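Below is the file coords-v9.csv, which contains CSV, C-alpha atoms.
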chain,number,residue,atom,x,y,z
A,98,MET,CA,39.6,-49.9,24.8
A,99,LEU,CA,37.6,-52.5,26.7
A,100,VAL,CA,38.8,-54.9,29.4
A,101,PHE,CA,38.1,-58.5,28.5
A,102,GLY,CA,39.2,-61.6,30.3
A,103,GLY,CA,41.3,-59.4,32.7
A,104,LEU,CA,43.5,-58.0,30.0
A,105,GLU,CA,43.8,-54.2,29.4
A,106,GLY,CA,43.2,-53.2,25.8
A,107,CYS,CA,41.5,-56.3,24.6
A,108,VAL,CA,39.0,-55.5,21.9
A,109,LEU,CA,35.6,-57.3,21.6
A,110,THR,CA,34.7,-58.6,18.2
A,111,GLU,CA,32.2,-61.0,16.7
A,112,GLY,CA,32.8,-64.7,16.8
A,113,PHE,CA,33.9,-66.8,13.7
A,114,THR,CA,35.7,-63.8,12.1
A,115,LEU,CA,39.4,-63.3,11.3
A,116,GLU,CA,39.6,-60.6,14.0
A,117,ALA,CA,38.5,-63.2,16.6
A,118,TYR,CA,41.8,-65.1,16.1
A,119,ARG,CA,44.1,-62.1,16.6
A,120,SER,CA,45.9,-61.4,19.9
A,121,LYS,CA,44.3,-59.2,22.4
A,122,THR,CA,40.9,-59.8,20.8
A,123,GLY,CA,37.9,-61.1,22.7
A,124,VAL,CA,34.7,-62.6,21.4
A,125,SER,CA,31.5,-60.8,22.4
A,126,GLY,CA,28.7,-63.0,23.7
A,127,PRO,CA,25.5,-63.7,21.7
A,128,PRO,CA,22.9,-61.0,21.5
A,129,PRO,CA,19.8,-61.4,23.8
A,130,THR,CA,17.3,-63.9,22.3
A,131,GLY,CA,14.2,-61.9,23.4
A,132,ILE,CA,12.5,-65.2,24.2
A,133,PHE,CA,10.6,-63.7,27.1
A,134,LYS,CA,9.9,-60.3,25.4
A,135,ASP,CA,6.3,-59.2,24.8
A,136,ARG,CA,5.1,-59.6,21.3
A,137,PRO,CA,3.0,-56.7,19.8
A,138,THR,CA,-0.7,-57.4,19.6
A,139,ILE,CA,-2.0,-57.3,16.0
A,140,SER,CA,-5.5,-56.0,15.2
A,141,THR,CA,-8.2,-58.6,15.9
A,142,ASN,CA,-11.4,-59.6,14.2
A,143,PHE,CA,-13.0,-59.0,17.6
A,144,ARG,CA,-12.0,-55.4,17.7
A,145,LYS,CA,-12.9,-54.9,14.0
A,146,LEU,CA,-16.4,-56.3,14.4
A,147,TYR,CA,-17.0,-54.4,17.7
A,148,ASN,CA,-16.1,-51.1,16.0
A,149,GLN,CA,-18.5,-51.9,13.2
A,150,GLY,CA,-21.3,-52.6,15.7
A,151,GLN,CA,-21.5,-56.3,14.7
A,152,LEU,CA,-21.1,-57.8,18.2
A,153,PRO,CA,-24.0,-58.4,20.6
A,154,VAL,CA,-22.3,-56.4,23.4
A,155,PHE,CA,-21.8,-52.8,24.4
A,156,VAL,CA,-20.2,-50.9,27.2
A,157,ASP,CA,-22.6,-49.8,29.9
A,158,HIS,CA,-21.3,-46.7,31.7
A,159,CYS,CA,-22.8,-47.3,35.1
A,160,THR,CA,-22.3,-45.6,38.4
A,161,GLY,CA,-19.6,-48.0,39.5
A,162,GLY,CA,-17.7,-47.6,36.2
A,163,ARG,CA,-17.9,-49.6,33.0
A,164,ARG,CA,-19.4,-53.0,32.5
A,165,ILE,CA,-20.4,-55.3,29.7
A,166,SER,CA,-24.0,-55.4,28.6
A,167,TRP,CA,-25.6,-57.8,26.1
A,168,LYS,CA,-28.0,-56.9,23.4
A,169,LEU,CA,-29.8,-60.3,23.6
A,170,ASN,CA,-30.1,-63.4,25.8
A,171,ILE,CA,-26.7,-65.1,25.7
A,172,THR,CA,-28.3,-68.6,25.5
A,173,PHE,CA,-29.6,-67.6,22.0
A,174,LEU,CA,-26.1,-67.0,20.7
A,175,ASP,CA,-24.4,-69.2,18.0
A,176,TYR,CA,-21.5,-70.5,20.2
A,177,ASN,CA,-19.7,-71.9,17.1
A,178,TYR,CA,-19.4,-68.4,15.8
A,179,PHE,CA,-19.2,-66.1,18.8
A,180,LEU,CA,-17.2,-68.1,21.4
A,181,PRO,CA,-14.1,-68.3,19.2
A,182,LEU,CA,-14.5,-64.7,18.2
A,183,PHE,CA,-14.5,-63.6,21.9
A,184,PHE,CA,-11.5,-65.8,22.6
A,185,ASP,CA,-9.8,-64.0,19.7
A,186,GLY,CA,-10.2,-60.8,21.7
A,187,LEU,CA,-8.2,-62.2,24.6
A,188,VAL,CA,-5.0,-60.7,23.1
A,189,GLU,CA,-6.4,-57.2,23.4
A,190,THR,CA,-4.8,-54.9,26.1
A,191,ALA,CA,-6.6,-51.7,25.2
A,192,GLN,CA,-10.0,-50.8,26.6
A,193,PRO,CA,-12.8,-51.4,26.1
A,194,TYR,CA,-11.8,-54.4,24.0
A,195,GLU,CA,-9.9,-56.2,26.8
A,196,MET,CA,-12.8,-55.9,29.2
A,197,LEU,CA,-15.4,-56.9,26.6
A,198,ALA,CA,-13.5,-60.0,25.5
A,199,ARG,CA,-12.6,-61.2,28.9
A,200,GLN,CA,-16.0,-60.6,30.5
A,201,GLY,CA,-17.8,-61.8,27.4
A,202,VAL,CA,-15.9,-65.1,27.4
A,203,HIS,CA,-16.7,-65.5,31.1
A,204,ASP,CA,-20.4,-64.8,30.6
A,205,MET,CA,-20.7,-67.2,27.7
A,206,LEU,CA,-18.9,-70.0,29.6
A,207,GLU,CA,-21.1,-69.4,32.6
A,208,VAL,CA,-24.3,-70.3,30.7
A,209,GLY,CA,-23.0,-72.2,27.7
A,210,GLY,CA,-23.4,-75.8,29.1
A,211,PRO,CA,-23.5,-78.3,26.3
A,212,ASN,CA,-22.8,-75.6,23.7
A,213,ILE,CA,-19.2,-75.4,24.8
A,214,LEU,CA,-17.7,-78.8,24.2
A,215,PRO,CA,-18.2,-78.9,20.4
A,216,VAL,CA,-16.4,-75.6,20.0
A,217,VAL,CA,-13.2,-76.6,21.9
A,218,PRO,CA,-11.2,-77.3,18.7
A,219,GLN,CA,-11.9,-73.8,17.5
A,220,LEU,CA,-10.6,-72.2,20.7
A,221,ILE,CA,-7.1,-73.6,20.5
A,222,ILE,CA,-5.6,-71.2,18.0
A,223,PRO,CA,-6.9,-68.1,19.9
A,224,ILE,CA,-5.6,-69.5,23.2
A,225,LYS,CA,-2.2,-70.3,21.7
A,226,LYS,CA,-2.1,-66.8,20.1
A,227,ALA,CA,-2.9,-65.1,23.3
A,228,LEU,CA,-0.3,-67.1,25.3
A,229,ASN,CA,2.3,-66.5,22.7
A,230,THR,CA,2.0,-62.7,23.2
A,231,LYS,CA,4.1,-63.3,26.4
A,232,ASN,CA,2.4,-60.2,27.8
A,233,ASN,CA,1.7,-60.6,31.5
A,234,GLN,CA,-1.8,-59.2,31.4
A,235,VAL,CA,-2.8,-61.3,28.4
A,236,MET,CA,-1.3,-64.4,29.8
A,237,TYR,CA,-3.0,-63.9,33.2
A,238,ASN,CA,-6.4,-63.4,31.5
A,239,THR,CA,-5.9,-66.4,29.2
A,240,MET,CA,-4.9,-68.8,32.0
A,241,LYS,CA,-7.8,-67.7,34.2
A,242,VAL,CA,-10.1,-68.3,31.1
A,243,LEU,CA,-8.5,-71.7,30.7
A,244,GLN,CA,-9.3,-72.6,34.3
A,245,TYR,CA,-12.9,-71.6,33.9
A,246,LEU,CA,-13.2,-73.3,30.5
A,247,VAL,CA,-12.3,-76.7,31.8
A,248,MET,CA,-14.7,-76.4,34.7
A,249,SER,CA,-17.5,-74.9,32.5
A,250,ALA,CA,-19.0,-78.2,31.2
A,251,GLU,CA,-18.5,-81.9,31.3
A,252,HIS,CA,-15.6,-83.4,29.3
A,253,VAL,CA,-14.1,-80.1,28.2
A,254,GLY,CA,-11.0,-80.7,30.3
A,255,GLU,CA,-10.6,-84.1,28.6
A,256,ALA,CA,-11.2,-82.6,25.2
A,257,LEU,CA,-8.2,-80.2,25.7
A,258,VAL,CA,-5.7,-82.9,26.4
A,259,PRO,CA,-4.8,-83.6,22.7
A,260,TYR,CA,-4.0,-79.9,22.3
A,261,TYR,CA,-1.5,-79.7,25.2
A,262,ARG,CA,1.4,-79.7,22.7
A,263,GLN,CA,0.0,-76.4,21.3
A,264,ILE,CA,-0.9,-74.5,24.4
A,265,LEU,CA,1.7,-75.7,27.0
A,266,PRO,CA,5.1,-74.7,25.5
A,267,VAL,CA,4.7,-71.2,26.9
A,268,PHE,CA,3.8,-72.7,30.3
A,269,ASN,CA,7.1,-74.5,30.3
A,270,LEU,CA,9.0,-71.4,29.3
A,271,PHE,CA,7.5,-69.2,32.1
A,272,LYS,CA,7.0,-71.7,34.9
A,273,ASN,CA,10.0,-70.4,36.9
A,274,LYS,CA,9.0,-66.7,36.6
A,275,LYS,CA,8.3,-65.6,40.2
A,276,LYS,CA,7.9,-61.9,39.8
A,277,ASN,CA,4.6,-60.6,41.3
A,278,ILE,CA,2.3,-59.6,38.5
A,279,GLY,CA,-0.6,-58.5,40.8
A,280,ASN,CA,-3.2,-60.2,42.9
A,281,GLY,CA,-0.3,-61.6,45.0
A,282,MET,CA,0.6,-64.0,42.2
A,283,SER,CA,3.5,-64.6,39.8
A,284,ILE,CA,3.2,-66.1,36.3
A,285,GLY,CA,4.9,-69.2,37.7
A,286,ASP,CA,2.3,-69.5,40.5
A,287,LEU,CA,-0.5,-69.0,38.0
A,288,ILE,CA,1.0,-71.6,35.7
A,289,GLU,CA,1.2,-74.1,38.5
A,290,GLU,CA,-2.4,-73.4,39.5
A,291,THR,CA,-3.7,-73.8,35.9
A,292,LEU,CA,-1.8,-77.1,35.4
A,293,ASN,CA,-3.3,-78.5,38.6
A,294,ILE,CA,-6.8,-77.7,37.3
A,295,LEU,CA,-6.0,-79.1,33.8
A,296,GLU,CA,-4.8,-82.3,35.5
A,297,ARG,CA,-7.8,-82.5,37.8
A,298,TYR,CA,-10.4,-82.1,35.0
A,299,GLY,CA,-8.4,-83.7,32.2
A,300,GLY,CA,-9.0,-87.3,32.9
A,301,GLU,CA,-6.6,-90.2,33.2
A,302,ASN,CA,-4.3,-89.1,30.4
A,303,ALA,CA,-3.9,-85.5,31.6
A,304,PHE,CA,-0.9,-86.0,33.9
A,305,ILE,CA,1.3,-88.0,31.5
A,306,ASN,CA,0.6,-85.4,28.7
A,307,ILE,CA,1.4,-82.5,31.0
A,308,LYS,CA,4.5,-84.2,32.2
A,309,TYR,CA,5.6,-84.8,28.6
A,310,MET,CA,5.4,-81.1,27.9
A,311,ILE,CA,6.6,-79.9,31.3
A,312,PRO,CA,9.1,-82.5,32.7
A,313,THR,CA,9.4,-80.7,36.1
A,314,TYR,CA,5.7,-80.8,36.8
A,315,THR,CA,4.5,-82.7,39.8
A,316,SER,CA,1.0,-83.6,40.7
A,317,PRO,CA,-0.4,-81.8,43.7

Would you write out, as structure tokens, the structure that this file holds?
Amino acid sequence: MLVFGGLEGCVLTEGFTLEAYRSKTGVSGPPPTGIFKDRPTISTNFRKLYNQGQLPVFVDHCTGGRRISWKLNITFLDYNYFLPLFFDGLVETAQPYEMLARQGVHDMLEVGGPNILPVVPQLIIPIKKALNTKNNQVMYNTMKVLQYLVMSAEHVGEALVPYYRQILPVFNLFKNKKKNIGNGMSIGDLIEETLNILERYGGENAFINIKYMIPTYTSP
């Protein structure tokens, strides 16, 4: 027998059943929602194409470890095709895919200049998918990429504002998570840092749109 509500011999049962109305019967609470639980990563086009040798990158096993190397000058890449593809790889947690996608995105944003802004709408679904994994490593990488993205070229931050409703719900969900995930930061700290950068580079409509999605947000 279980003790429920301070009564010996009280049996737990499911709510809204006949048993729930009998004496010495308690109703068990709802099952965990799993709202913060990691979601498994599905196979990505990024991984598939890399395994087929169709991406312009490879792993260079150098003295200091592994690093990404490019098969051609990055400035010659078709950003409309390759940048969303590398963003698609941000959900990866296995190596070398995680390193290749993360560093590949960084390298492309570093030299992309005017090639980046036209591709922004194609990056939203991969960003949303990565954030929705709720995996600490993936969320960390994706938020750092978001920060770099809005600073990579003119007007990119402003171009992201209409998509806040798609990418900020997970921010609102995890903003109070203060457990250290490495580098002396928590997910909550990283979210605050990312929101500050989105506001700074998002133009005059950024704050009100962030506030709409995350009511507790305050401007730095």

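Proximity of A:Asn232, A:Gln219, A:Gln244, A:Ser249 to A:Leu206, computed with only C-alpha atoms, is greatest for A:Ser249.
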
Could you pull the residues within 9 Å of A:Tyr314, counting all atoms listed in the file, minus those fewer than 2 positions along the same chain, as an mmCIF file with C-alpha atoms, keeping the file's coordinate frame?
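Result written to out-v4.cif:
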data_model
loop_
_atom_site.group_PDB
_atom_site.id
_atom_site.type_symbol
_atom_site.label_atom_id
_atom_site.label_comp_id
_atom_site.auth_asym_id
_atom_site.auth_seq_id
_atom_site.Cartn_x
_atom_site.Cartn_y
_atom_site.Cartn_z
ATOM 1 C CA GLU A 289 1.200 -74.100 38.500
ATOM 2 C CA LEU A 292 -1.800 -77.100 35.400
ATOM 3 C CA PHE A 304 -0.900 -86.000 33.900
ATOM 4 C CA ILE A 307 1.400 -82.500 31.000
ATOM 5 C CA LYS A 308 4.500 -84.200 32.200
ATOM 6 C CA MET A 310 5.400 -81.100 27.900
ATOM 7 C CA ILE A 311 6.600 -79.900 31.300
ATOM 8 C CA PRO A 312 9.100 -82.500 32.700
ATOM 9 C CA SER A 316 1.000 -83.600 40.700
#

Taking into account only C-alpha atoms, which residue in the set A:Ala198, A:Ile165, A:Leu220, A:His203 is nearest to A:Tyr178?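 Among the listed residues, the smallest separation from A:Tyr178 belongs to A:Leu220.
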
What is the atom CA of A:Leu243-atom CA of A:Leu169 distance in Å, reported with one decimal?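 For atom CA of A:Leu243 relative to atom CA of A:Leu169, the distance reads 25.2 Å.
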
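Separating atom CA of A:Tyr309 from atom CA of A:Glu255 is a distance of 16.2 Å.
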
I'd like the contact shell of A:Asn238 - 9 Å cut-off, only C-alpha atoms, skipping same-chain residues fewer than 6 positions apart - returned as a CSV table (one decimal) with C-alpha atoms, keeping the file's coordinate frame.
chain,number,residue,atom,x,y,z
A,187,LEU,CA,-8.2,-62.2,24.6
A,188,VAL,CA,-5.0,-60.7,23.1
A,199,ARG,CA,-12.6,-61.2,28.9

Proximity check stretch 220-268 of chain A to stretch 281-288 of chain A, 9 Å, nearest pairs one decimal Å, all atoms listed in the file, as JSON lines:
{"residue": "A:Asn233", "atom": "CA", "partner": "A:Ile284", "partner_atom": "CA", "distance": 7.5}
{"residue": "A:Met236", "atom": "CA", "partner": "A:Ile284", "partner_atom": "CA", "distance": 8.1}
{"residue": "A:Tyr237", "atom": "CA", "partner": "A:Ile284", "partner_atom": "CA", "distance": 7.3}
{"residue": "A:Met240", "atom": "CA", "partner": "A:Leu287", "partner_atom": "CA", "distance": 7.4}
{"residue": "A:Lys241", "atom": "CA", "partner": "A:Leu287", "partner_atom": "CA", "distance": 8.3}
{"residue": "A:Phe268", "atom": "CA", "partner": "A:Ile288", "partner_atom": "CA", "distance": 6.2}

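Shell of A:Leu146 at 12 Å, with only C-alpha atoms counted and residues fewer than 2 places along the chain excluded, is Ser140, Thr141, Asn142, Phe143, Arg144, Asn148, Gln149, Gly150, Gln151, Leu152, Pro153, Val154, Phe155, Phe179, Leu182, Phe183, Asp185, Gly186 and Tyr194 of chain A.
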
Interatomic distance, atom CA of A:Lys231 to atom CA of A:Leu214 (Å, one decimal):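 Computing the Euclidean distance for atom CA of A:Lys231 and atom CA of A:Leu214 yields 26.8 Å.
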
With distances taken over only C-alpha atoms, which residue among A:Leu174, A:Leu257, A:Thr190, A:Thr291 lies nearest A:Ile221?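 Under the stated criterion, the closest residue is A:Leu257.
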
Any idea what's packed within 10 Å of A:Pro266, counting only C-alpha atoms, ignoring anything in its chain fewer than 2 positions away? Could you give it as a list in words?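 Here the qualifying residues turn out to be Lys225, Leu228, Asn229, Tyr261, Arg262, Gln263, Ile264, Phe268, Asn269, Leu270, Phe271, Met310 and Ile311 of chain A.
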
Let me see the file: selected residues, C-alpha atoms, as a PDB file, in the coordinates of the input.
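Contents of the output file again.pdb:
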ATOM      1  CA  LYS A 225      -2.200 -70.300  21.700  1.00  0.00           C
ATOM      2  CA  LEU A 228      -0.300 -67.100  25.300  1.00  0.00           C
ATOM      3  CA  ASN A 229       2.300 -66.500  22.700  1.00  0.00           C
ATOM      4  CA  TYR A 261      -1.500 -79.700  25.200  1.00  0.00           C
ATOM      5  CA  ARG A 262       1.400 -79.700  22.700  1.00  0.00           C
ATOM      6  CA  GLN A 263       0.000 -76.400  21.300  1.00  0.00           C
ATOM      7  CA  ILE A 264      -0.900 -74.500  24.400  1.00  0.00           C
ATOM      8  CA  PHE A 268       3.800 -72.700  30.300  1.00  0.00           C
ATOM      9  CA  ASN A 269       7.100 -74.500  30.300  1.00  0.00           C
ATOM     10  CA  LEU A 270       9.000 -71.400  29.300  1.00  0.00           C
ATOM     11  CA  PHE A 271       7.500 -69.200  32.100  1.00  0.00           C
ATOM     12  CA  MET A 310       5.400 -81.100  27.900  1.00  0.00           C
ATOM     13  CA  ILE A 311       6.600 -79.900  31.300  1.00  0.00           C
TER      14      ILE A 311
END

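Comparing the minimum interatomic distances between A:Tyr260 and each of A:Gln192, A:Asn306, A:Asn273, A:Gln200, counting all atoms listed in the file, we find that A:Asn306 sits nearest.
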